[in-house]
>>> print(open('entry_39.cif').read())   # mmCIF, C-alpha atoms
data_input
loop_
_atom_site.group_PDB
_atom_site.id
_atom_site.type_symbol
_atom_site.label_atom_id
_atom_site.label_comp_id
_atom_site.auth_asym_id
_atom_site.auth_seq_id
_atom_site.Cartn_x
_atom_site.Cartn_y
_atom_site.Cartn_z
ATOM 1 C CA MET A 1 0.000 0.000 0.000
ATOM 2 C CA THR A 2 1.305 3.452 -0.839
ATOM 3 C CA ALA A 3 1.518 6.352 1.591
ATOM 4 C CA GLN A 4 -1.065 9.111 1.542
ATOM 5 C CA LYS A 5 -0.143 11.938 -0.815
ATOM 6 C CA ALA A 6 0.216 15.564 0.251
ATOM 7 C CA GLN A 7 -3.022 17.375 1.030
ATOM 8 C CA ILE A 8 -4.403 19.689 -1.646
ATOM 9 C CA THR A 9 -6.982 22.421 -1.448
ATOM 10 C CA PHE A 10 -10.581 21.821 -2.464
ATOM 11 C CA GLY A 11 -10.082 24.459 -5.161
ATOM 12 C CA LYS A 12 -7.307 22.394 -6.772
ATOM 13 C CA PHE A 13 -9.498 19.303 -6.682
ATOM 14 C CA GLN A 14 -12.280 21.221 -8.431
ATOM 15 C CA ASN A 15 -9.907 21.729 -11.379
ATOM 16 C CA VAL A 16 -9.891 17.974 -12.050
ATOM 17 C CA ASP A 17 -12.628 17.105 -14.575
ATOM 18 C CA VAL A 18 -13.779 13.561 -13.826
ATOM 19 C CA ARG A 19 -16.584 12.147 -15.992
ATOM 20 C CA VAL A 20 -18.561 9.009 -16.703
ATOM 21 C CA ALA A 21 -17.459 7.425 -19.989
ATOM 22 C CA ARG A 22 -18.977 4.430 -21.775
ATOM 23 C CA VAL A 23 -16.479 1.971 -23.272
ATOM 24 C CA VAL A 24 -17.155 1.560 -27.006
ATOM 25 C CA ALA A 25 -14.114 -0.613 -27.836
ATOM 26 C CA ALA A 26 -11.154 -1.996 -25.890
ATOM 27 C CA PRO A 27 -8.674 -3.939 -28.046
ATOM 28 C CA LEU A 28 -5.238 -4.843 -26.738
ATOM 29 C CA ALA A 29 -2.582 -2.281 -27.610
ATOM 30 C CA GLU A 30 0.462 -3.133 -29.693
ATOM 31 C CA GLY A 31 3.840 -1.491 -29.232
ATOM 32 C CA THR A 32 3.383 -0.155 -25.692
ATOM 33 C CA ARG A 33 5.942 -0.669 -22.926
ATOM 34 C CA PHE A 34 3.400 -2.460 -20.722
ATOM 35 C CA ALA A 35 0.436 -4.595 -21.731
ATOM 36 C CA SER A 36 -2.461 -2.186 -22.235
ATOM 37 C CA ARG A 37 -5.823 -1.704 -23.894
ATOM 38 C CA VAL A 38 -6.765 1.154 -26.214
ATOM 39 C CA LEU A 39 -10.171 2.256 -24.999
ATOM 40 C CA THR A 40 -12.520 4.226 -27.186
ATOM 41 C CA LEU A 41 -14.716 6.122 -24.749
ATOM 42 C CA ASP A 42 -18.019 7.879 -25.330
ATOM 43 C CA VAL A 43 -17.982 10.941 -23.065
ATOM 44 C CA GLY A 44 -21.415 12.189 -24.116
ATOM 45 C CA PRO A 45 -21.389 15.864 -25.161
ATOM 46 C CA LEU A 46 -17.566 15.882 -24.988
ATOM 47 C CA GLY A 47 -17.422 13.345 -27.833
ATOM 48 C CA GLU A 48 -15.215 10.289 -28.109
ATOM 49 C CA ARG A 49 -11.837 10.079 -26.395
ATOM 50 C CA THR A 50 -9.048 7.528 -26.525
ATOM 51 C CA SER A 51 -7.570 6.210 -23.299
ATOM 52 C CA VAL A 52 -4.587 3.866 -23.186
ATOM 53 C CA ALA A 53 -4.931 1.973 -19.925
ATOM 54 C CA GLN A 54 -3.168 -0.935 -18.259
ATOM 55 C CA LEU A 55 -6.308 -3.050 -18.264
ATOM 56 C CA ALA A 56 -4.838 -6.009 -20.156
ATOM 57 C CA LEU A 57 -5.901 -8.457 -17.427
ATOM 58 C CA VAL A 58 -9.561 -7.426 -17.853
ATOM 59 C CA ASP A 59 -11.449 -9.149 -20.676
ATOM 60 C CA GLU A 60 -12.606 -6.839 -23.455
ATOM 61 C CA ALA A 61 -16.129 -8.257 -23.065
ATOM 62 C CA ASP A 62 -16.147 -7.074 -19.423
ATOM 63 C CA LEU A 63 -15.338 -3.514 -20.553
ATOM 64 C CA VAL A 64 -17.347 -2.825 -23.716
ATOM 65 C CA GLY A 65 -20.715 -1.272 -22.926
ATOM 66 C CA ARG A 66 -19.783 -0.511 -19.313
ATOM 67 C CA ASN A 67 -19.482 2.931 -17.736
ATOM 68 C CA VAL A 68 -16.049 3.780 -16.371
ATOM 69 C CA VAL A 69 -14.669 6.827 -14.585
ATOM 70 C CA ALA A 70 -12.175 9.001 -16.499
ATOM 71 C CA CYS A 71 -10.273 12.234 -15.966
ATOM 72 C CA VAL A 72 -10.725 14.198 -19.184
ATOM 73 C CA ASN A 73 -8.611 17.348 -18.682
ATOM 74 C CA LEU A 74 -5.060 16.092 -18.206
ATOM 75 C CA GLY A 75 -4.003 16.741 -21.787
ATOM 76 C CA VAL A 76 -2.700 14.261 -24.339
ATOM 77 C CA ARG A 77 -0.036 11.731 -23.414
ATOM 78 C CA GLU A 78 1.847 9.635 -25.961
ATOM 79 C CA LEU A 79 2.092 5.963 -25.040
ATOM 80 C CA GLY A 80 3.900 3.982 -27.689
ATOM 81 C CA PRO A 81 2.210 4.657 -31.028
ATOM 82 C CA TYR A 82 -0.989 5.889 -29.313
ATOM 83 C CA LYS A 83 -2.214 9.230 -27.989
ATOM 84 C CA SER A 84 -4.106 8.896 -24.726
ATOM 85 C CA GLU A 85 -6.588 11.765 -24.371
ATOM 86 C CA CYS A 86 -7.893 10.934 -20.909
ATOM 87 C CA LEU A 87 -7.033 8.824 -17.880
ATOM 88 C CA THR A 88 -9.305 5.889 -17.063
ATOM 89 C CA LEU A 89 -9.289 5.536 -13.289
ATOM 90 C CA GLY A 90 -8.771 2.222 -11.583
ATOM 91 C CA THR A 91 -7.385 0.294 -8.666
ATOM 92 C CA PRO A 92 -4.484 -2.187 -8.609
ATOM 93 C CA HIS A 93 -5.279 -5.564 -10.157
ATOM 94 C CA PRO A 94 -4.408 -8.339 -7.678
ATOM 95 C CA ASP A 95 -2.738 -10.398 -10.441
ATOM 96 C CA SER A 96 -0.586 -7.555 -11.786
ATOM 97 C CA PRO A 97 3.076 -8.424 -12.310
ATOM 98 C CA ASP A 98 5.323 -6.597 -9.835
ATOM 99 C CA ASP A 99 6.935 -4.507 -12.587
ATOM 100 C CA GLU A 100 3.596 -3.311 -14.026
ATOM 101 C CA SER A 101 0.586 -1.359 -12.805
ATOM 102 C CA GLN A 102 -2.222 -3.468 -14.232
ATOM 103 C CA ALA A 103 -5.551 -2.172 -13.008
ATOM 104 C CA LEU A 104 -9.209 -2.907 -12.439
ATOM 105 C CA PRO A 105 -11.328 -0.040 -13.787
ATOM 106 C CA LEU A 106 -13.576 2.048 -11.591
ATOM 107 C CA TYR A 107 -17.060 1.413 -12.904
ATOM 108 C CA ALA A 108 -19.897 3.936 -12.701
ATOM 109 C CA SER A 109 -23.523 2.880 -12.373
ATOM 110 C CA GLU A 110 -25.302 1.712 -15.517
ATOM 111 C CA HIS A 111 -27.830 4.460 -14.731
ATOM 112 C CA ALA A 112 -25.203 7.187 -15.179
ATOM 113 C CA ARG A 113 -24.992 8.873 -18.583
ATOM 114 C CA PRO A 114 -21.789 9.345 -20.583
ATOM 115 C CA GLY A 115 -20.422 12.787 -19.841
ATOM 116 C CA ASP A 116 -21.973 13.037 -16.354
ATOM 117 C CA SER A 117 -19.642 14.708 -13.848
ATOM 118 C CA VAL A 118 -18.203 12.607 -11.050
ATOM 119 C CA TYR A 119 -17.948 14.372 -7.697
#
>>> encode(input="entry_39.cif", output="structure tokens")
Amino acid sequence: MTAQKAQITFGKFQNVDVRVARVVAAPLAEGTRFASRVLTLDVGPLGERTSVAQLALVDEADLVGRNVVACVNLGVRELGPYKSECLTLGTPHPDSPDDESQALPLYASEHARPGDSVY
């Protein structure tokens, strides 16, 4: 378990834009340093976003059609040949190799709509 991070102000937290996103596709990535999936996410009125996430231990069928939680205002990050436009949030996967950070996604309720704010 990691130590608690430094405290931030509520104002700084309000700058983080966390949204519900529906997974449209989640194929395995090729050419990334760690096993990953390239998620196509429907973020409602914000459109579609790509998220490269270390979710390789999660079956694609368990992701597609589900609502996940994503941070959509971190900017673009290049991961191998892909551009990740948002960060899909998750928790450590219990079967993750020690040298990787494989994750289990944070799921939002099926009743939530893509693009809904998470707070």
>>> resolve_selection(input="entry_39.cif", expression="the PyMOL selection byres ((chain A and resi 55) around 8)", output="CSV table (one decimal) with C-alpha atoms, keeping the file's coordinate frame")
chain,number,residue,atom,x,y,z
A,35,ALA,CA,0.4,-4.6,-21.7
A,36,SER,CA,-2.5,-2.2,-22.2
A,37,ARG,CA,-5.8,-1.7,-23.9
A,53,ALA,CA,-4.9,2.0,-19.9
A,54,GLN,CA,-3.2,-0.9,-18.3
A,56,ALA,CA,-4.8,-6.0,-20.2
A,57,LEU,CA,-5.9,-8.5,-17.4
A,58,VAL,CA,-9.6,-7.4,-17.9
A,102,GLN,CA,-2.2,-3.5,-14.2
A,103,ALA,CA,-5.6,-2.2,-13.0
A,104,LEU,CA,-9.2,-2.9,-12.4
A,105,PRO,CA,-11.3,0.0,-13.8
>>> resolve_selection(input="entry_39.cif", expression="the PyMOL selection byres ((chain A and resi 22-31) around 8)", output="list in words")
Val20, Ala21, Thr32, Arg33, Ala35, Ser36, Arg37, Val38, Leu39, Thr40, Leu41, Asp42, Val43, Val52, Ala56, Glu60, Leu63, Val64, Gly65, Arg66, Asn67, Val68, Gly80, Pro81 and Pro114 of chain A
>>> resolve_selection(input="entry_39.cif", expression="the PyMOL selection byres ((chain A and resi 18) around 8)", output="PyMOL selection string")
chain A and resi 16-17+19-20+69-72+117-119
>>> atom_distance(input="entry_39.cif", atom1="CA of Lys12 in chain A", atom2="CA of Leu106 in chain A")
21.8 Å
>>> atom_distance(input="entry_39.cif", atom1="CA of Thr50 in chain A", atom2="CA of Tyr82 in chain A")
8.7 Å
>>> closest_residue(input="entry_39.cif", among="A:Glu48, A:Gln14, A:Met1, A:Phe34", to="Glu100 in chain A", atoms="all atoms listed in the file")
A:Phe34
>>> closest_residue(input="entry_39.cif", among="A:Asn15, A:Thr9, A:Ser101, A:Asn73", to="Glu85 in chain A", atoms="all atoms listed in the file")
A:Asn73
>>> closest_residue(input="entry_39.cif", among="A:Arg113, A:Ser51, A:Gly44, A:Phe10", to="Leu79 in chain A", atoms="only C-alpha atoms")
A:Ser51
>>> decode(input="entry_39.cif", residues="chain A", atoms="C-alpha atoms", output="PDB file, in the first residue's frame")
ATOM      1  CA  MET A   1       0.000   0.000   0.000  1.00  0.00           C
ATOM      2  CA  THR A   2       1.305   3.452  -0.839  1.00  0.00           C
ATOM      3  CA  ALA A   3       1.518   6.352   1.591  1.00  0.00           C
ATOM      4  CA  GLN A   4      -1.065   9.111   1.542  1.00  0.00           C
ATOM      5  CA  LYS A   5      -0.143  11.938  -0.815  1.00  0.00           C
ATOM      6  CA  ALA A   6       0.216  15.564   0.251  1.00  0.00           C
ATOM      7  CA  GLN A   7      -3.022  17.375   1.030  1.00  0.00           C
ATOM      8  CA  ILE A   8      -4.403  19.689  -1.646  1.00  0.00           C
ATOM      9  CA  THR A   9      -6.982  22.421  -1.448  1.00  0.00           C
ATOM     10  CA  PHE A  10     -10.581  21.821  -2.464  1.00  0.00           C
ATOM     11  CA  GLY A  11     -10.082  24.459  -5.161  1.00  0.00           C
ATOM     12  CA  LYS A  12      -7.307  22.394  -6.772  1.00  0.00           C
ATOM     13  CA  PHE A  13      -9.498  19.303  -6.682  1.00  0.00           C
ATOM     14  CA  GLN A  14     -12.280  21.221  -8.431  1.00  0.00           C
ATOM     15  CA  ASN A  15      -9.907  21.729 -11.379  1.00  0.00           C
ATOM     16  CA  VAL A  16      -9.891  17.974 -12.050  1.00  0.00           C
ATOM     17  CA  ASP A  17     -12.628  17.105 -14.575  1.00  0.00           C
ATOM     18  CA  VAL A  18     -13.779  13.561 -13.826  1.00  0.00           C
ATOM     19  CA  ARG A  19     -16.584  12.147 -15.992  1.00  0.00           C
ATOM     20  CA  VAL A  20     -18.561   9.009 -16.703  1.00  0.00           C
ATOM     21  CA  ALA A  21     -17.459   7.425 -19.989  1.00  0.00           C
ATOM     22  CA  ARG A  22     -18.977   4.430 -21.775  1.00  0.00           C
ATOM     23  CA  VAL A  23     -16.479   1.971 -23.272  1.00  0.00           C
ATOM     24  CA  VAL A  24     -17.155   1.560 -27.006  1.00  0.00           C
ATOM     25  CA  ALA A  25     -14.114  -0.613 -27.836  1.00  0.00           C
ATOM     26  CA  ALA A  26     -11.154  -1.996 -25.890  1.00  0.00           C
ATOM     27  CA  PRO A  27      -8.674  -3.939 -28.046  1.00  0.00           C
ATOM     28  CA  LEU A  28      -5.238  -4.843 -26.738  1.00  0.00           C
ATOM     29  CA  ALA A  29      -2.582  -2.281 -27.610  1.00  0.00           C
ATOM     30  CA  GLU A  30       0.462  -3.133 -29.693  1.00  0.00           C
ATOM     31  CA  GLY A  31       3.840  -1.491 -29.232  1.00  0.00           C
ATOM     32  CA  THR A  32       3.383  -0.155 -25.692  1.00  0.00           C
ATOM     33  CA  ARG A  33       5.942  -0.669 -22.926  1.00  0.00           C
ATOM     34  CA  PHE A  34       3.400  -2.460 -20.722  1.00  0.00           C
ATOM     35  CA  ALA A  35       0.436  -4.595 -21.731  1.00  0.00           C
ATOM     36  CA  SER A  36      -2.461  -2.186 -22.235  1.00  0.00           C
ATOM     37  CA  ARG A  37      -5.823  -1.704 -23.894  1.00  0.00           C
ATOM     38  CA  VAL A  38      -6.765   1.154 -26.214  1.00  0.00           C
ATOM     39  CA  LEU A  39     -10.171   2.256 -24.999  1.00  0.00           C
ATOM     40  CA  THR A  40     -12.520   4.226 -27.186  1.00  0.00           C
ATOM     41  CA  LEU A  41     -14.716   6.122 -24.749  1.00  0.00           C
ATOM     42  CA  ASP A  42     -18.019   7.879 -25.330  1.00  0.00           C
ATOM     43  CA  VAL A  43     -17.982  10.941 -23.065  1.00  0.00           C
ATOM     44  CA  GLY A  44     -21.415  12.189 -24.116  1.00  0.00           C
ATOM     45  CA  PRO A  45     -21.389  15.864 -25.161  1.00  0.00           C
ATOM     46  CA  LEU A  46     -17.566  15.882 -24.988  1.00  0.00           C
ATOM     47  CA  GLY A  47     -17.422  13.345 -27.833  1.00  0.00           C
ATOM     48  CA  GLU A  48     -15.215  10.289 -28.109  1.00  0.00           C
ATOM     49  CA  ARG A  49     -11.837  10.079 -26.395  1.00  0.00           C
ATOM     50  CA  THR A  50      -9.048   7.528 -26.525  1.00  0.00           C
ATOM     51  CA  SER A  51      -7.570   6.210 -23.299  1.00  0.00           C
ATOM     52  CA  VAL A  52      -4.587   3.866 -23.186  1.00  0.00           C
ATOM     53  CA  ALA A  53      -4.931   1.973 -19.925  1.00  0.00           C
ATOM     54  CA  GLN A  54      -3.168  -0.935 -18.259  1.00  0.00           C
ATOM     55  CA  LEU A  55      -6.308  -3.050 -18.264  1.00  0.00           C
ATOM     56  CA  ALA A  56      -4.838  -6.009 -20.156  1.00  0.00           C
ATOM     57  CA  LEU A  57      -5.901  -8.457 -17.427  1.00  0.00           C
ATOM     58  CA  VAL A  58      -9.561  -7.426 -17.853  1.00  0.00           C
ATOM     59  CA  ASP A  59     -11.449  -9.149 -20.676  1.00  0.00           C
ATOM     60  CA  GLU A  60     -12.606  -6.839 -23.455  1.00  0.00           C
ATOM     61  CA  ALA A  61     -16.129  -8.257 -23.065  1.00  0.00           C
ATOM     62  CA  ASP A  62     -16.147  -7.074 -19.423  1.00  0.00           C
ATOM     63  CA  LEU A  63     -15.338  -3.514 -20.553  1.00  0.00           C
ATOM     64  CA  VAL A  64     -17.347  -2.825 -23.716  1.00  0.00           C
ATOM     65  CA  GLY A  65     -20.715  -1.272 -22.926  1.00  0.00           C
ATOM     66  CA  ARG A  66     -19.783  -0.511 -19.313  1.00  0.00           C
ATOM     67  CA  ASN A  67     -19.482   2.931 -17.736  1.00  0.00           C
ATOM     68  CA  VAL A  68     -16.049   3.780 -16.371  1.00  0.00           C
ATOM     69  CA  VAL A  69     -14.669   6.827 -14.585  1.00  0.00           C
ATOM     70  CA  ALA A  70     -12.175   9.001 -16.499  1.00  0.00           C
ATOM     71  CA  CYS A  71     -10.273  12.234 -15.966  1.00  0.00           C
ATOM     72  CA  VAL A  72     -10.725  14.198 -19.184  1.00  0.00           C
ATOM     73  CA  ASN A  73      -8.611  17.348 -18.682  1.00  0.00           C
ATOM     74  CA  LEU A  74      -5.060  16.092 -18.206  1.00  0.00           C
ATOM     75  CA  GLY A  75      -4.003  16.741 -21.787  1.00  0.00           C
ATOM     76  CA  VAL A  76      -2.700  14.261 -24.339  1.00  0.00           C
ATOM     77  CA  ARG A  77      -0.036  11.731 -23.414  1.00  0.00           C
ATOM     78  CA  GLU A  78       1.847   9.635 -25.961  1.00  0.00           C
ATOM     79  CA  LEU A  79       2.092   5.963 -25.040  1.00  0.00           C
ATOM     80  CA  GLY A  80       3.900   3.982 -27.689  1.00  0.00           C
ATOM     81  CA  PRO A  81       2.210   4.657 -31.028  1.00  0.00           C
ATOM     82  CA  TYR A  82      -0.989   5.889 -29.313  1.00  0.00           C
ATOM     83  CA  LYS A  83      -2.214   9.230 -27.989  1.00  0.00           C
ATOM     84  CA  SER A  84      -4.106   8.896 -24.726  1.00  0.00           C
ATOM     85  CA  GLU A  85      -6.588  11.765 -24.371  1.00  0.00           C
ATOM     86  CA  CYS A  86      -7.893  10.934 -20.909  1.00  0.00           C
ATOM     87  CA  LEU A  87      -7.033   8.824 -17.880  1.00  0.00           C
ATOM     88  CA  THR A  88      -9.305   5.889 -17.063  1.00  0.00           C
ATOM     89  CA  LEU A  89      -9.289   5.536 -13.289  1.00  0.00           C
ATOM     90  CA  GLY A  90      -8.771   2.222 -11.583  1.00  0.00           C
ATOM     91  CA  THR A  91      -7.385   0.294  -8.666  1.00  0.00           C
ATOM     92  CA  PRO A  92      -4.484  -2.187  -8.609  1.00  0.00           C
ATOM     93  CA  HIS A  93      -5.279  -5.564 -10.157  1.00  0.00           C
ATOM     94  CA  PRO A  94      -4.408  -8.339  -7.678  1.00  0.00           C
ATOM     95  CA  ASP A  95      -2.738 -10.398 -10.441  1.00  0.00           C
ATOM     96  CA  SER A  96      -0.586  -7.555 -11.786  1.00  0.00           C
ATOM     97  CA  PRO A  97       3.076  -8.424 -12.310  1.00  0.00           C
ATOM     98  CA  ASP A  98       5.323  -6.597  -9.835  1.00  0.00           C
ATOM     99  CA  ASP A  99       6.935  -4.507 -12.587  1.00  0.00           C
ATOM    100  CA  GLU A 100       3.596  -3.311 -14.026  1.00  0.00           C
ATOM    101  CA  SER A 101       0.586  -1.359 -12.805  1.00  0.00           C
ATOM    102  CA  GLN A 102      -2.222  -3.468 -14.232  1.00  0.00           C
ATOM    103  CA  ALA A 103      -5.551  -2.172 -13.008  1.00  0.00           C
ATOM    104  CA  LEU A 104      -9.209  -2.907 -12.439  1.00  0.00           C
ATOM    105  CA  PRO A 105     -11.328  -0.040 -13.787  1.00  0.00           C
ATOM    106  CA  LEU A 106     -13.576   2.048 -11.591  1.00  0.00           C
ATOM    107  CA  TYR A 107     -17.060   1.413 -12.904  1.00  0.00           C
ATOM    108  CA  ALA A 108     -19.897   3.936 -12.701  1.00  0.00           C
ATOM    109  CA  SER A 109     -23.523   2.880 -12.373  1.00  0.00           C
ATOM    110  CA  GLU A 110     -25.302   1.712 -15.517  1.00  0.00           C
ATOM    111  CA  HIS A 111     -27.830   4.460 -14.731  1.00  0.00           C
ATOM    112  CA  ALA A 112     -25.203   7.187 -15.179  1.00  0.00           C
ATOM    113  CA  ARG A 113     -24.992   8.873 -18.583  1.00  0.00           C
ATOM    114  CA  PRO A 114     -21.789   9.345 -20.583  1.00  0.00           C
ATOM    115  CA  GLY A 115     -20.422  12.787 -19.841  1.00  0.00           C
ATOM    116  CA  ASP A 116     -21.973  13.037 -16.354  1.00  0.00           C
ATOM    117  CA  SER A 117     -19.642  14.708 -13.848  1.00  0.00           C
ATOM    118  CA  VAL A 118     -18.203  12.607 -11.050  1.00  0.00           C
ATOM    119  CA  TYR A 119     -17.948  14.372  -7.697  1.00  0.00           C
TER     120      TYR A 119
END
